[in-house]
Every structure is written in C-alpha cells, then in structure tokens.
>>> print(open('structure-v3.tsv').read())   # TSV, C-alpha atoms
chain	number	residue	atom	x	y	z
K	1	MET	CA	103.00	109.52	119.50
K	2	GLU	CA	101.36	106.68	121.42
K	3	THR	CA	104.25	104.33	120.52
K	4	LYS	CA	106.79	106.81	121.80
K	5	LYS	CA	104.82	107.15	125.04
K	6	ASN	CA	104.80	103.36	125.46
K	7	GLU	CA	108.51	103.17	124.74
K	8	THR	CA	109.19	105.71	127.45
K	9	LYS	CA	106.90	103.80	129.79
K	10	ASN	CA	108.78	100.55	129.15
K	11	LYS	CA	112.03	102.13	130.16
K	12	ILE	CA	112.51	102.65	133.85
K	13	GLU	CA	113.43	106.26	134.20
K	14	ASN	CA	115.97	106.88	136.87
K	15	LYS	CA	115.52	110.04	138.76
K	16	LYS	CA	119.01	109.91	140.28
K	17	GLY	CA	121.04	109.75	137.05
K	18	VAL	CA	121.20	105.97	136.66
K	19	PRO	CA	120.56	104.70	133.11
K	20	THR	CA	117.49	102.65	132.34
K	21	LEU	CA	116.86	98.96	132.91
K	22	HIS	CA	116.53	98.70	129.13
K	23	THR	CA	120.05	100.09	128.60
K	24	GLY	CA	121.45	97.74	131.24
K	25	ALA	CA	119.85	94.76	129.51
K	26	ILE	CA	121.15	95.79	126.05
K	27	LEU	CA	124.61	96.29	127.50
K	28	ALA	CA	124.60	92.93	129.30
K	29	GLN	CA	123.44	91.14	126.15
K	30	GLY	CA	126.03	92.79	123.87
K	31	VAL	CA	128.91	92.43	126.29
K	32	ALA	CA	128.07	88.76	126.89
K	33	GLN	CA	128.22	88.22	123.11
K	34	VAL	CA	131.55	90.01	122.85
K	35	GLY	CA	132.91	87.85	125.66
K	36	CYS	CA	132.20	84.60	123.85
K	37	LEU	CA	132.76	85.61	120.23
K	38	THR	CA	136.56	85.23	120.06
K	39	LEU	CA	136.40	81.87	121.76
K	40	ALA	CA	133.63	80.62	119.45
K	41	ILE	CA	135.40	81.74	116.26
K	42	VAL	CA	138.83	80.38	117.23
K	43	LEU	CA	137.40	77.07	118.45
K	44	GLY	CA	135.23	76.89	115.33
K	45	GLY	CA	138.33	77.36	113.16
K	46	LEU	CA	140.21	74.73	115.13
K	47	GLY	CA	137.35	72.21	114.93
K	48	LEU	CA	136.77	72.76	111.22
K	49	GLY	CA	140.53	72.56	110.56
K	50	LEU	CA	140.85	69.27	112.43
K	51	LEU	CA	137.82	67.87	110.63
K	52	LEU	CA	139.08	68.87	107.17
K	53	ASP	CA	142.58	67.61	107.95
K	54	SER	CA	141.29	64.23	109.05
K	55	LYS	CA	138.95	63.91	106.02
K	56	LEU	CA	141.48	65.08	103.43
K	57	GLU	CA	144.59	63.74	105.21
K	58	THR	CA	146.33	67.10	104.98
K	59	SER	CA	147.31	67.41	108.65
K	60	PRO	CA	148.13	70.01	109.97
K	61	TRP	CA	147.69	72.55	107.15
K	62	PHE	CA	143.94	73.22	107.36
K	63	THR	CA	144.14	73.40	111.16
K	64	LEU	CA	146.99	75.90	111.01
K	65	GLY	CA	145.43	77.94	108.21
K	66	LEU	CA	142.00	78.18	109.80
K	67	ILE	CA	143.36	78.99	113.26
K	68	LEU	CA	145.50	81.75	111.74
K	69	ALA	CA	142.53	83.05	109.73
K	70	SER	CA	140.32	83.03	112.84
K	71	VAL	CA	142.47	85.72	114.53
K	72	PRO	CA	141.66	88.69	112.25
K	73	ILE	CA	138.09	87.42	111.76
K	74	SER	CA	137.46	87.32	115.51
K	75	LEU	CA	138.97	90.79	116.02
K	76	VAL	CA	136.74	92.28	113.32
K	77	ALA	CA	133.65	90.43	114.62
K	78	VAL	CA	134.26	91.64	118.19
K	79	ALA	CA	134.69	95.23	117.00
K	80	ARG	CA	131.45	95.04	114.97
K	81	VAL	CA	129.38	93.59	117.84
K	82	ALA	CA	130.84	96.09	120.32
K	83	LEU	CA	130.06	99.04	118.04
K	84	SER	CA	126.52	97.84	117.34
K	85	THR	CA	125.88	97.34	121.08
K	86	ALA	CA	127.21	100.81	121.83
K	87	ARG	CA	124.92	102.24	119.13
K	88	GLN	CA	121.87	100.40	120.53
K	89	ALA	CA	122.67	101.39	124.12
K	90	THR	CA	123.10	105.04	123.13
K	91	SER	CA	119.86	105.13	121.16
K	92	SER	CA	117.97	103.49	124.06
K	93	GLN	CA	118.96	106.23	126.54
K	94	PRO	CA	115.81	108.09	127.65
K	95	GLU	CA	115.41	111.62	126.44
K	96	GLU	CA	115.65	114.39	129.01
K	97	PRO	CA	112.08	114.79	130.31
K	98	ASN	CA	110.52	118.18	129.64
K	99	GLU	CA	108.84	120.15	132.40
K	100	GLY	CA	105.34	119.39	131.13
K	101	ASP	CA	105.98	115.67	130.48
K	102	GLU	CA	105.98	114.63	134.16
K	103	GLU	CA	102.67	112.75	133.99
Y	1	MET	CA	170.95	102.30	105.99
Y	2	LYS	CA	167.32	102.29	107.10
Y	3	LYS	CA	166.42	100.20	104.05
Y	4	PHE	CA	169.16	97.71	104.93
Y	5	GLY	CA	167.73	97.40	108.46
Y	6	LYS	CA	164.25	96.70	107.10
Y	7	VAL	CA	165.60	94.09	104.68
Y	8	LEU	CA	167.56	92.45	107.52
Y	9	VAL	CA	164.45	92.29	109.75
Y	10	ALA	CA	162.44	90.80	106.85
Y	11	VAL	CA	165.13	88.19	106.14
Y	12	VAL	CA	165.36	87.20	109.84
Y	13	ALA	CA	161.54	86.99	110.05
Y	14	VAL	CA	161.27	84.80	106.94
Y	15	GLY	CA	164.18	82.68	108.19
Y	16	LEU	CA	162.53	82.15	111.56
Y	17	LEU	CA	159.27	81.31	109.82
Y	18	GLY	CA	161.11	78.74	107.68
Y	19	VAL	CA	162.81	77.23	110.73
Y	20	SER	CA	159.39	77.25	112.40
Y	21	PHE	CA	157.92	75.14	109.60
Y	22	ILE	CA	160.91	72.78	109.59
Y	23	LEU	CA	160.75	72.22	113.35
Y	24	GLY	CA	156.96	72.16	113.41
Y	25	PRO	CA	154.66	70.51	110.88
Y	26	LEU	CA	157.37	69.55	108.35
Y	27	GLY	CA	159.74	68.02	110.86
Y	28	GLU	CA	157.46	65.98	113.10
Y	29	GLY	CA	159.16	65.14	116.33
Y	30	PHE	CA	161.56	68.03	116.87
Y	31	VAL	CA	159.30	69.85	119.29
Y	32	VAL	CA	157.86	68.47	122.55
Y	33	ARG	CA	154.09	68.20	122.23
Y	34	PRO	CA	152.40	69.86	125.22
Y	35	PHE	CA	150.50	67.91	127.84
Y	36	ILE	CA	147.37	69.89	128.72
Y	37	GLN	CA	145.37	69.21	131.84
Y	38	MET	CA	142.18	71.05	132.80
Y	39	PRO	CA	142.45	71.03	136.62
Y	40	ALA	CA	145.38	72.92	138.15
Y	41	GLU	CA	148.50	70.82	138.67
Y	42	PHE	CA	149.89	70.48	142.19
Y	43	PHE	CA	153.53	70.60	143.21
Y	44	HIS	CA	154.74	70.17	146.77
Y	45	ILE	CA	156.52	72.59	149.07
Y	46	GLY	CA	157.57	70.22	151.85
Y	47	ALA	CA	154.42	68.26	152.57
Y	48	VAL	CA	152.09	71.03	151.41
Y	49	PRO	CA	150.48	70.56	147.98
Y	50	VAL	CA	150.35	73.90	146.12
Y	51	PRO	CA	148.16	74.39	143.01
Y	52	ASN	CA	150.08	76.23	140.29
Y	53	SER	CA	147.08	78.46	139.50
Y	54	LEU	CA	147.29	79.78	143.08
Y	55	VAL	CA	150.89	80.80	142.40
Y	56	GLY	CA	149.68	82.63	139.27
Y	57	ALA	CA	146.96	84.42	141.30
Y	58	LEU	CA	149.42	85.38	144.07
Y	59	ILE	CA	151.91	86.76	141.54
Y	60	ALA	CA	149.10	88.82	139.96
Y	61	ASP	CA	148.18	90.12	143.45
Y	62	LEU	CA	151.80	90.98	144.20
Y	63	VAL	CA	152.22	92.82	140.90
Y	64	LEU	CA	149.05	94.81	141.59
Y	65	ILE	CA	149.94	95.64	145.20
Y	66	ILE	CA	153.48	96.75	144.33
Y	67	GLY	CA	152.32	98.59	141.18
Y	68	MET	CA	149.60	100.48	143.08
Y	69	ALA	CA	151.90	101.20	146.03
Y	70	VAL	CA	154.49	102.72	143.68
Y	71	GLY	CA	151.90	104.52	141.52
Y	72	THR	CA	150.09	106.16	144.44
Y	73	ARG	CA	153.14	106.81	146.66
Y	74	ARG	CA	153.16	110.60	146.22
Y	75	ILE	CA	149.36	110.88	146.54
Y	76	ARG	CA	149.37	108.93	149.83
Y	77	ALA	CA	152.22	111.06	151.16
Y	78	GLY	CA	150.01	114.12	150.64
Y	79	ASN	CA	152.68	115.59	148.38
Y	80	SER	CA	151.34	118.69	146.61
Y	81	GLU	CA	153.49	117.80	143.59
Y	82	ALA	CA	151.25	114.73	143.16
Y	83	LEU	CA	148.72	117.06	141.51
Y	84	VAL	CA	150.95	116.86	138.43
Y	85	PRO	CA	151.24	113.11	137.84
Y	86	THR	CA	154.49	111.64	136.56
Y	87	GLY	CA	155.77	108.13	135.80
Y	88	ALA	CA	153.77	105.25	137.29
Y	89	GLN	CA	151.20	107.64	138.76
Y	90	ASN	CA	150.21	108.62	135.21
Y	91	PHE	CA	149.52	105.00	134.38
Y	92	VAL	CA	147.51	104.35	137.56
Y	93	GLU	CA	145.45	107.51	137.05
Y	94	MET	CA	144.84	106.59	133.41
Y	95	ILE	CA	143.36	103.18	134.35
Y	96	TYR	CA	141.37	104.70	137.22
Y	97	GLU	CA	139.89	107.39	134.98
Y	98	PHE	CA	139.06	104.90	132.22
Y	99	ILE	CA	137.08	102.63	134.56
Y	100	ALA	CA	135.55	105.56	136.49
Y	101	ASP	CA	134.31	107.13	133.23
Y	102	LEU	CA	132.99	103.80	131.99
Y	103	LEU	CA	131.06	103.21	135.23
Y	104	GLY	CA	129.88	106.81	135.20
Y	105	ASN	CA	128.30	106.19	131.78
Y	106	ILE	CA	126.67	102.91	132.84
Y	107	LEU	CA	125.75	103.53	136.48
Y	108	GLY	CA	125.65	107.32	136.66
Y	109	GLU	CA	126.29	108.87	140.07
Y	110	LYS	CA	125.96	105.49	141.76
Y	111	GLY	CA	129.02	104.24	139.90
Y	112	LYS	CA	131.24	105.89	142.53
Y	113	LYS	CA	130.03	103.49	145.22
Y	114	MET	CA	130.72	100.41	143.09
Y	115	LEU	CA	134.04	101.69	141.72
Y	116	PRO	CA	136.37	100.01	144.28
Y	117	LEU	CA	134.85	96.57	143.65
Y	118	LEU	CA	134.66	96.85	139.87
Y	119	LEU	CA	138.13	98.41	139.53
Y	120	THR	CA	139.54	95.53	141.61
Y	121	PHE	CA	137.80	93.01	139.32
Y	122	PHE	CA	139.20	94.74	136.24
Y	123	LEU	CA	142.77	95.04	137.46
Y	124	PHE	CA	142.97	91.55	138.93
Y	125	ILE	CA	141.53	89.82	135.84
Y	126	LEU	CA	143.65	91.95	133.48
Y	127	VAL	CA	146.93	91.31	135.32
Y	128	ALA	CA	146.14	87.63	135.95
Y	129	ASN	CA	145.40	87.14	132.23
Y	130	TRP	CA	148.36	89.09	130.89
Y	131	ILE	CA	150.88	87.62	133.29
Y	132	GLU	CA	150.43	84.26	131.55
Y	133	LEU	CA	152.18	85.70	128.49
Y	134	PHE	CA	155.48	86.04	130.36
Y	135	PRO	CA	158.09	83.38	129.62
Y	136	GLY	CA	158.23	80.75	132.34
Y	137	PHE	CA	154.47	80.39	132.80
Y	138	ASP	CA	153.43	76.85	131.83
Y	139	SER	CA	157.04	76.01	130.90
Y	140	ILE	CA	159.19	76.02	134.07
Y	141	GLY	CA	158.42	73.59	136.85
Y	142	VAL	CA	159.18	70.24	138.40
Y	143	ILE	CA	159.70	67.12	136.34
Y	144	GLU	CA	157.68	64.24	137.76
Y	145	HIS	CA	156.83	60.67	136.80
Y	146	VAL	CA	153.67	60.44	134.71
Y	147	HIS	CA	150.61	58.73	136.14
Y	148	GLU	CA	149.99	55.23	134.93
Y	149	GLY	CA	148.30	55.04	131.56
Y	150	HIS	CA	149.48	58.50	130.46
Y	151	ALA	CA	152.07	59.16	127.76
Y	152	GLY	CA	155.25	60.84	128.94
Y	153	ASN	CA	158.54	62.13	127.61
Y	154	ALA	CA	162.16	61.30	128.24
Y	155	ILE	CA	164.39	63.85	129.95
Y	156	GLN	CA	167.87	65.18	129.33
Y	157	SER	CA	170.21	67.32	131.43
Y	158	ALA	CA	170.99	70.89	130.44
Y	159	GLY	CA	173.61	72.08	132.92
Y	160	PRO	CA	172.10	72.07	136.40
Y	161	PHE	CA	168.60	71.75	134.93
Y	162	LYS	CA	166.60	68.98	133.31
Y	163	MET	CA	164.32	69.32	130.32
Y	164	LEU	CA	161.82	67.14	128.49
Y	165	THR	CA	162.75	65.78	125.08
Y	166	ASN	CA	160.48	64.63	122.26
Y	167	GLU	CA	161.45	60.99	122.88
Y	168	PRO	CA	158.77	58.89	124.59
Y	169	GLY	CA	159.49	58.27	128.26
Y	170	GLU	CA	157.92	58.34	131.68
Y	171	TYR	CA	158.29	61.97	132.77
Y	172	THR	CA	156.05	65.02	132.61
Y	173	LEU	CA	156.34	68.68	133.57
Y	174	VAL	CA	154.30	70.19	136.41
Y	175	PRO	CA	154.66	73.96	135.86
Y	176	TYR	CA	155.20	76.22	138.89
Y	177	MET	CA	152.99	78.93	137.44
Y	178	ARG	CA	149.78	78.90	135.46
Y	179	ALA	CA	147.31	81.72	134.66
Y	180	ALA	CA	144.85	82.07	137.55
Y	181	ALA	CA	141.72	81.98	135.38
Y	182	THR	CA	142.70	78.66	133.76
Y	183	ASP	CA	141.59	77.01	137.00
Y	184	LEU	CA	137.77	77.09	137.19
Y	185	ASN	CA	137.87	77.74	140.96
Y	186	ILE	CA	139.15	81.30	140.52
Y	187	PRO	CA	136.60	82.49	137.90
Y	188	LEU	CA	133.93	80.79	140.03
Y	189	ALA	CA	135.06	82.70	143.13
Y	190	LEU	CA	135.03	85.98	141.19
Y	191	ALA	CA	131.57	85.15	139.79
Y	192	LEU	CA	130.22	84.44	143.29
Y	193	VAL	CA	131.57	87.76	144.60
Y	194	SER	CA	130.07	89.57	141.61
Y	195	VAL	CA	126.59	88.04	141.95
Y	196	VAL	CA	126.49	88.36	145.77
Y	197	MET	CA	127.57	92.01	145.59
Y	198	THR	CA	124.88	92.68	142.95
Y	199	GLN	CA	122.30	91.47	145.49
Y	200	VAL	CA	123.92	93.60	148.21
Y	201	PHE	CA	123.74	96.75	146.05
Y	202	GLY	CA	120.14	95.88	145.11
Y	203	ILE	CA	119.14	95.56	148.78
Y	204	GLN	CA	120.98	98.77	149.72
Y	205	GLU	CA	119.14	100.64	146.99
Y	206	LEU	CA	115.63	99.21	147.25
Y	207	GLY	CA	115.54	97.78	150.78
Y	208	TRP	CA	113.83	94.47	151.42
Y	209	SER	CA	111.39	95.15	148.56
Y	210	TYR	CA	114.32	94.07	146.35
Y	211	PHE	CA	113.33	90.47	147.03
Y	212	SER	CA	109.91	91.04	145.45
Y	213	ARG	CA	111.68	90.61	142.12
Y	214	PHE	CA	112.20	86.95	143.05
Y	215	ILE	CA	109.15	86.10	145.16
Y	216	ASN	CA	106.44	88.42	143.95
Y	217	ILE	CA	103.65	87.90	146.50
Y	218	LYS	CA	102.09	91.24	145.54
Y	219	ALA	CA	101.53	89.93	142.00
Y	220	LEU	CA	99.88	86.76	143.35
Y	221	THR	CA	97.51	88.68	145.62
Y	222	LYS	CA	96.64	90.96	142.70
Y	223	GLY	CA	95.22	87.82	141.14
Y	224	GLY	CA	94.37	87.06	137.56
Y	225	MET	CA	96.48	85.53	134.83
Y	226	MET	CA	98.96	88.43	134.77
Y	227	GLY	CA	99.53	88.05	138.49
Y	228	ILE	CA	100.43	84.38	138.08
Y	229	ILE	CA	102.69	85.18	135.12
Y	230	ASP	CA	104.46	87.90	137.17
Y	231	PHE	CA	104.96	85.42	140.01
Y	232	VAL	CA	106.44	82.79	137.67
Y	233	VAL	CA	108.69	85.45	136.08
Y	234	GLY	CA	110.00	86.13	139.60
Y	235	LEU	CA	110.89	82.46	139.99
Y	236	LEU	CA	112.70	82.58	136.64
Y	237	GLU	CA	114.60	85.65	137.89
Y	238	THR	CA	115.76	83.57	140.86
Y	239	LEU	CA	117.00	80.89	138.49
Y	240	SER	CA	118.75	83.49	136.34
Y	241	GLU	CA	120.84	84.63	139.33
Y	242	PHE	CA	122.32	81.12	139.56
Y	243	ILE	CA	122.79	80.97	135.78
Y	244	LYS	CA	124.72	84.26	136.01
Y	245	ILE	CA	127.27	82.58	138.29
Y	246	ILE	CA	127.75	79.75	135.80
Y	247	SER	CA	127.94	82.06	132.77
Y	248	PHE	CA	130.41	84.45	134.45
Y	249	ALA	CA	132.66	81.62	135.60
Y	250	PHE	CA	132.65	79.58	132.40
Y	251	ARG	CA	133.03	82.58	130.08
Y	252	LEU	CA	136.21	83.74	131.81
Y	253	PHE	CA	137.54	80.22	132.33
Y	254	GLY	CA	136.75	79.15	128.75
Y	255	ASN	CA	138.41	82.13	127.12
Y	256	VAL	CA	141.58	82.07	129.21
Y	257	PHE	CA	141.93	78.28	129.17
Y	258	ALA	CA	141.37	78.15	125.40
Y	259	GLY	CA	143.97	80.90	125.04
Y	260	MET	CA	146.48	78.87	127.03
Y	261	VAL	CA	145.80	75.76	124.92
Y	262	LEU	CA	146.05	77.77	121.71
Y	263	LEU	CA	149.41	79.25	122.70
Y	264	LEU	CA	150.80	75.86	123.72
Y	265	VAL	CA	149.56	74.11	120.57
Y	266	ILE	CA	150.73	76.85	118.18
Y	267	SER	CA	154.10	77.11	119.94
Y	268	SER	CA	154.58	73.37	119.48
Y	269	LEU	CA	153.42	73.39	115.84
Y	270	LEU	CA	155.23	76.53	114.67
Y	271	PRO	CA	157.66	77.62	117.39
Y	272	PHE	CA	158.88	80.94	115.92
Y	273	MET	CA	157.16	84.06	114.56
Y	274	VAL	CA	153.62	82.66	114.26
Y	275	PRO	CA	152.98	82.53	118.05
Y	276	VAL	CA	153.48	86.34	118.09
Y	277	VAL	CA	150.12	86.73	116.32
Y	278	PHE	CA	148.48	84.63	119.04
Y	279	TYR	CA	150.27	86.50	121.82
Y	280	PHE	CA	148.70	89.64	120.37
Y	281	LEU	CA	145.30	87.93	120.28
Y	282	GLU	CA	145.73	86.85	123.91
Y	283	LEU	CA	146.60	90.42	124.94
Y	284	PHE	CA	143.36	91.49	123.31
Y	285	VAL	CA	141.30	88.62	124.77
Y	286	GLY	CA	142.76	89.19	128.27
Y	287	ALA	CA	141.77	92.87	128.22
Y	288	VAL	CA	138.35	92.16	126.67
Y	289	GLN	CA	137.57	89.52	129.31
Y	290	ALA	CA	138.49	91.91	132.14
Y	291	LEU	CA	136.30	94.58	130.58
Y	292	VAL	CA	133.46	92.12	129.88
Y	293	PHE	CA	133.45	90.97	133.52
Y	294	VAL	CA	133.26	94.56	134.77
Y	295	MET	CA	130.64	95.67	132.24
Y	296	LEU	CA	128.45	92.62	132.82
Y	297	THR	CA	128.62	93.12	136.58
Y	298	SER	CA	127.72	96.79	136.19
Y	299	GLY	CA	124.94	95.89	133.72
Y	300	PHE	CA	123.48	93.44	136.25
Y	301	ILE	CA	123.82	96.05	139.01
Y	302	VAL	CA	121.84	98.51	136.86
Y	303	VAL	CA	119.12	95.89	136.47
Y	304	ALA	CA	119.19	95.14	140.24
Y	305	ILE	CA	119.01	98.73	141.44
Y	306	ALA	CA	116.39	99.74	138.88
Y	307	GLY	CA	113.92	97.68	140.88
Y	308	HIS	CA	111.03	95.54	139.82
Y	309	GLY	CA	107.56	96.77	139.11
Y	310	ASP	CA	108.56	100.41	138.66
Y	311	ASP	CA	107.16	100.19	135.17
Y	312	HIS	CA	103.69	99.21	136.28
>>> encode(input="structure-v3.tsv", output="structure tokens")
Amino acid sequence: METKKNETKNKIENKKGVPTLHTGAILAQGVAQVGCLTLAIVLGGLGLGLLLDSKLETSPWFTLGLILASVPISLVAVARVALSTARQATSSQPEEPNEGDEE
Amino acid sequence: MKKFGKVLVAVVAVGLLGVSFILGPLGEGFVVRPFIQMPAEFFHIGAVPVPNSLVGALIADLVLIIGMAVGTRRIRAGNSEALVPTGAQNFVEMIYEFIADLLGNILGEKGKKMLPLLLTFFLFILVANWIELFPGFDSIGVIEHVHEGHAGNAIQSAGPFKMLTNEPGEYTLVPYMRAAATDLNIPLALALVSVVMTQVFGIQELGWSYFSRFINIKALTKGGMMGIIDFVVGLLETLSEFIKIISFAFRLFGNVFAGMVLLLVISSLLPFMVPVVFYFLELFVGAVQALVFVMLTSGFIVVAIAGHGDDH
C-alpha cells in the first residue's frame, strides 16, 4: 500500500489532462533508443562484414551478407523496443484519482 | 496465365540479380564507385555558390506547400462539400489526425497548442527524407575537376550529356540535389528550434518559475545536503538542454546520412534488385526518424511543462 502511495507521489499528476513526467521520460528514453537502433545494427553489420572480409580475404561477401541480414534484424529490433516502450508508458499512466484520495 | 506471369516475374528477378552480381562484386570495375563527402557539395548559379542540401530542402518545402494547398483547397474555400473529404484532402486529413491523436495521447489537451509546430516538424522531416529516394538525387549534377590529391573518374559523352565512367580520371560529380538532413546544418537548425520552443512552452506554462529547474536558488536556501544536491541537479538539467540539441541533430543526421551512404554503396556493389530492400529500409527509417523527432520533442515538452519540484 505504502509502495503504491510512493509510486503515485513520484509521478507528477497533471490536473489538466497532461500525462506524467514519468511517462514523458519513459517515452523519451524509448523513442531515443528506437531512433538509433537501425543505424547501430546496420553500421554494426557493415563494420563486422568489413572486418571479416579483410581477415578472411573474402571481400565483399561477408559485408554484403551482413548488411543484408541487418535489414530484417533492425526492423524486428525496432518493433520490439517500440512495443516494450509503449507497454511501459501505458502501465506508468496514473490511475484516475478517486474522490477520497485527494490528500 | 496468372502462373505464367508469376514465373516470368521470378525469371526476370533472378536474371536481374545475376546481372547484379556480374556487374557488382564478381565483375569489379563495371560500376562507378561512389564518392561520398560529408559536408554538402556546392555548385554555382552564376557567381552564387549553392549547397545541394539546400536544393533538397527547398524541393521538400515546395512539395509540402503545393501538397497542402491542393489538399486543403476545398476547406479553405469554405465549401460545404469539404465535410466529405475526397482525393488529396483524405490524405492530408489522415496525416493530421494521426499526429493530432499521437500528441493528444502524449500531451493531452495541451497538444493542440503544440500541434502546428510538431506537425510541421513531422511533415518536413518525412518529405525531406523520402524525397532522397527519387531518381536523380545524388546522381544528376555538374561534372567538375577533382581537387588535388583526390581520386577521380574519366568521363564519356552520352548524347548531349556527360557521364562518369569507371576508368580513373580527373573528374567528379557534384549532384544538384541531396537529402536535406544529410547536411548537419539542417538537423542542427531543427534541433535548435525544437529545444528553444520547449523552453518557450515551459515558460508559457509555468511562468518565470520554469527557470528554477536550472538554477534552483530555493533548494540552496533550504540548506542541507539535499538542497545542495537539488541545486547541482539543476545545473545538470542546464547541461542536458545543450546535450539535447546535439543528440537531436546527430541522430537525424546520422540516420539519414548513413542511409544515403548505404544506398550508394549497395547500388554500386549490386546495382539491380538488392537495392530495393534498402529502399524499403530507407522508407521505414525516414518515417521513423520523423516520428522520433516529433515524439522526443513532445516528450521533452511534457517534462518541461510538468514543472520542477511539484513532487516535493
């Protein structure tokens, strides 16, 4: 009970229909991750491909293969992060305050 | 008959893929390797140097202005038939409703006030990113002598035009058009507008007490260890506002620039069929980046208008 009270206290309730600071922070964090994920995965694939090609002298097959593989991987990863952020943001929404819960 | 069509499409696709491999990795030297430069290239109109990313941004603006003018024509004319949307108006209303609903969920009632700014961000970034996928971007331009110390290509005539060949030479291509966000200046300008407007909305909502989130004198006068910590947290908040500018600008720039490089490299390695996959990825990345910019801005606005110290 006490934990729940503290949780509610940590969130900044908005009396004019604006979501909480907590929700805003979760959203910003998740969206920032989504924004960089595709880039990180594709560049990771490219870097690893170039490295393997130069070590194994197989240019450009590893580079091509890993770049191609990075496309579906990045799409799936973005979808997963976006869904998990949406779930967190939804669960962090404050409950409708009851009449007697004002103070 | 349908089966024959499918087989024909499959044969053409496999054929193109085969040609792609022969021209690309298996037949080194058939395709011109791209020359990629991070800053925008300049070409000259008379004596005026024009950056090609500016041309990309102006085309995106033009597309948006014409598209919106056509899409809202009947609404602006006060036509009662506009209540039943048709054609381009459907499309404009669909985008408007999507962003309005999104902002409604994040910002609640206050989303209406921020809608013009955030919808402009979304549409501009989306169109500026997607327009890069049209043929002619990064590939049509002026052929100039390369700077000293740089590798160039030879040229050959193709009717009234000239084109680069894969032979070494002393020429390079300066494209007329390049995606706006591949020049760091444009994402930086958008980031500055976003962060400044976040402060403006914060001040409008909380008045001058908004600045107590940065310089928390009240916490200092309260005294004690917690007061000092609160004051230092305020200083870190100030720093974070500057970091936001950098993160906004580099996230958009990095994604769009990497997309451009990826398309150019893949098109030079495997010129047919395979680039389609990456065009699809770039469509996705372009839309995601526009959405990310809008959602991050609205997330930061939520944080700004929620105020500081309300939880004490």
>>> interface_residues(input="structure-v3.tsv", of="chain Y", to="chain K", cutoff="6 Å", atoms="only C-alpha atoms", output="PDB file with C-alpha atoms, in the coordinates of the input")
ATOM      1  CA  LEU Y 107     125.750 103.530 136.480  1.00  0.00           C
ATOM      2  CA  GLY Y 108     125.650 107.320 136.660  1.00  0.00           C
ATOM      3  CA  ASN Y 255     138.410  82.130 127.120  1.00  0.00           C
ATOM      4  CA  VAL Y 292     133.460  92.120 129.880  1.00  0.00           C
ATOM      5  CA  LEU Y 296     128.450  92.620 132.820  1.00  0.00           C
ATOM      6  CA  GLY Y 299     124.940  95.890 133.720  1.00  0.00           C
ATOM      7  CA  VAL Y 302     121.840  98.510 136.860  1.00  0.00           C
ATOM      8  CA  VAL Y 303     119.120  95.890 136.470  1.00  0.00           C
TER       9      VAL Y 303
END
>>> residues_around(input="structure-v3.tsv", residues="Pro34 in chain Y", least_positions_apart="5", cutoff="8 Å", atoms="all atoms listed in the file", output="PyMOL selection string")
chain Y and resi 264-265+268
>>> write_last_selection(input="structure-v3.tsv", atoms="C-alpha atoms", output="tab-separated table (two decimals), in the coordinates of the input")
chain	number	residue	atom	x	y	z
Y	264	LEU	CA	150.80	75.86	123.72
Y	265	VAL	CA	149.56	74.11	120.57
Y	268	SER	CA	154.58	73.37	119.48
>>> closest_residue(input="structure-v3.tsv", among="Y:Val285, Y:Val200, Y:Val277, Y:Val174", to="Gln37 in chain Y", atoms="only C-alpha atoms")
Y:Val174
>>> atom_distance(input="structure-v3.tsv", atom1="CA of Leu236 in chain Y", atom2="CA of Gln204 in chain Y")
22.4 Å
>>> atom_distance(input="structure-v3.tsv", atom1="CA of Gly111 in chain Y", atom2="CA of Ser194 in chain Y")
14.8 Å
>>> closest_residue(input="structure-v3.tsv", among="Y:Gly104, Y:Phe4, Y:Arg33, Y:Arg251", to="Thr172 in chain Y", atoms="only C-alpha atoms")
Y:Arg33
>>> residues_around(input="structure-v3.tsv", residues="range 98-103 of chain Y", least_positions_apart="5", cutoff="12 Å", atoms="only C-alpha atoms", output="PyMOL selection string")
(chain K and resi 18-19+24) or (chain Y and resi 91-93+108-123+290-292+294-299+301-302)
>>> atom_distance(input="structure-v3.tsv", atom1="CA of Ala181 in chain Y", atom2="CA of Gly254 in chain Y")
8.8 Å
>>> decode(input="structure-v3.tsv", residues="range 40-74 of chain K", atoms="C-alpha atoms", output="PDB file, in the first residue's frame")
ATOM      1  CA  ALA K  40      23.583   0.893 -34.870  1.00  0.00           C
ATOM      2  CA  ILE K  41      22.578  -2.514 -36.269  1.00  0.00           C
ATOM      3  CA  VAL K  42      23.267  -1.645 -39.927  1.00  0.00           C
ATOM      4  CA  LEU K  43      26.599   0.020 -39.115  1.00  0.00           C
ATOM      5  CA  GLY K  44      27.470  -2.910 -36.843  1.00  0.00           C
ATOM      6  CA  GLY K  45      26.768  -5.325 -39.716  1.00  0.00           C
ATOM      7  CA  LEU K  46      28.839  -3.220 -42.096  1.00  0.00           C
ATOM      8  CA  GLY K  47      31.780  -2.963 -39.674  1.00  0.00           C
ATOM      9  CA  LEU K  48      31.749  -6.659 -38.830  1.00  0.00           C
ATOM     10  CA  GLY K  49      31.442  -7.548 -42.531  1.00  0.00           C
ATOM     11  CA  LEU K  50      34.403  -5.375 -43.476  1.00  0.00           C
ATOM     12  CA  LEU K  51      36.451  -6.799 -40.621  1.00  0.00           C
ATOM     13  CA  LEU K  52      35.678 -10.429 -41.525  1.00  0.00           C
ATOM     14  CA  ASP K  53      36.279  -9.765 -45.221  1.00  0.00           C
ATOM     15  CA  SER K  54      39.666  -8.222 -44.557  1.00  0.00           C
ATOM     16  CA  LYS K  55      40.695 -11.039 -42.151  1.00  0.00           C
ATOM     17  CA  LEU K  56      39.453 -13.903 -44.320  1.00  0.00           C
ATOM     18  CA  GLU K  57      40.072 -12.215 -47.693  1.00  0.00           C
ATOM     19  CA  THR K  58      36.533 -12.906 -48.853  1.00  0.00           C
ATOM     20  CA  SER K  59      35.658  -9.366 -49.952  1.00  0.00           C
ATOM     21  CA  PRO K  60      32.823  -8.387 -50.403  1.00  0.00           C
ATOM     22  CA  TRP K  61      30.726 -11.425 -49.416  1.00  0.00           C
ATOM     23  CA  PHE K  62      30.629 -11.030 -45.618  1.00  0.00           C
ATOM     24  CA  THR K  63      29.982  -7.289 -45.984  1.00  0.00           C
ATOM     25  CA  LEU K  64      27.100  -7.901 -48.374  1.00  0.00           C
ATOM     26  CA  GLY K  65      25.663 -10.782 -46.363  1.00  0.00           C
ATOM     27  CA  LEU K  66      25.778  -8.999 -43.029  1.00  0.00           C
ATOM     28  CA  ILE K  67      24.380  -5.742 -44.415  1.00  0.00           C
ATOM     29  CA  LEU K  68      21.512  -7.688 -45.991  1.00  0.00           C
ATOM     30  CA  ALA K  69      20.929  -9.619 -42.755  1.00  0.00           C
ATOM     31  CA  SER K  70      20.937  -6.374 -40.740  1.00  0.00           C
ATOM     32  CA  VAL K  71      17.771  -5.132 -42.509  1.00  0.00           C
ATOM     33  CA  PRO K  72      15.248  -7.649 -41.109  1.00  0.00           C
ATOM     34  CA  ILE K  73      17.098  -7.760 -37.771  1.00  0.00           C
ATOM     35  CA  SER K  74      16.865  -3.980 -37.356  1.00  0.00           C
TER      36      SER K  74
END
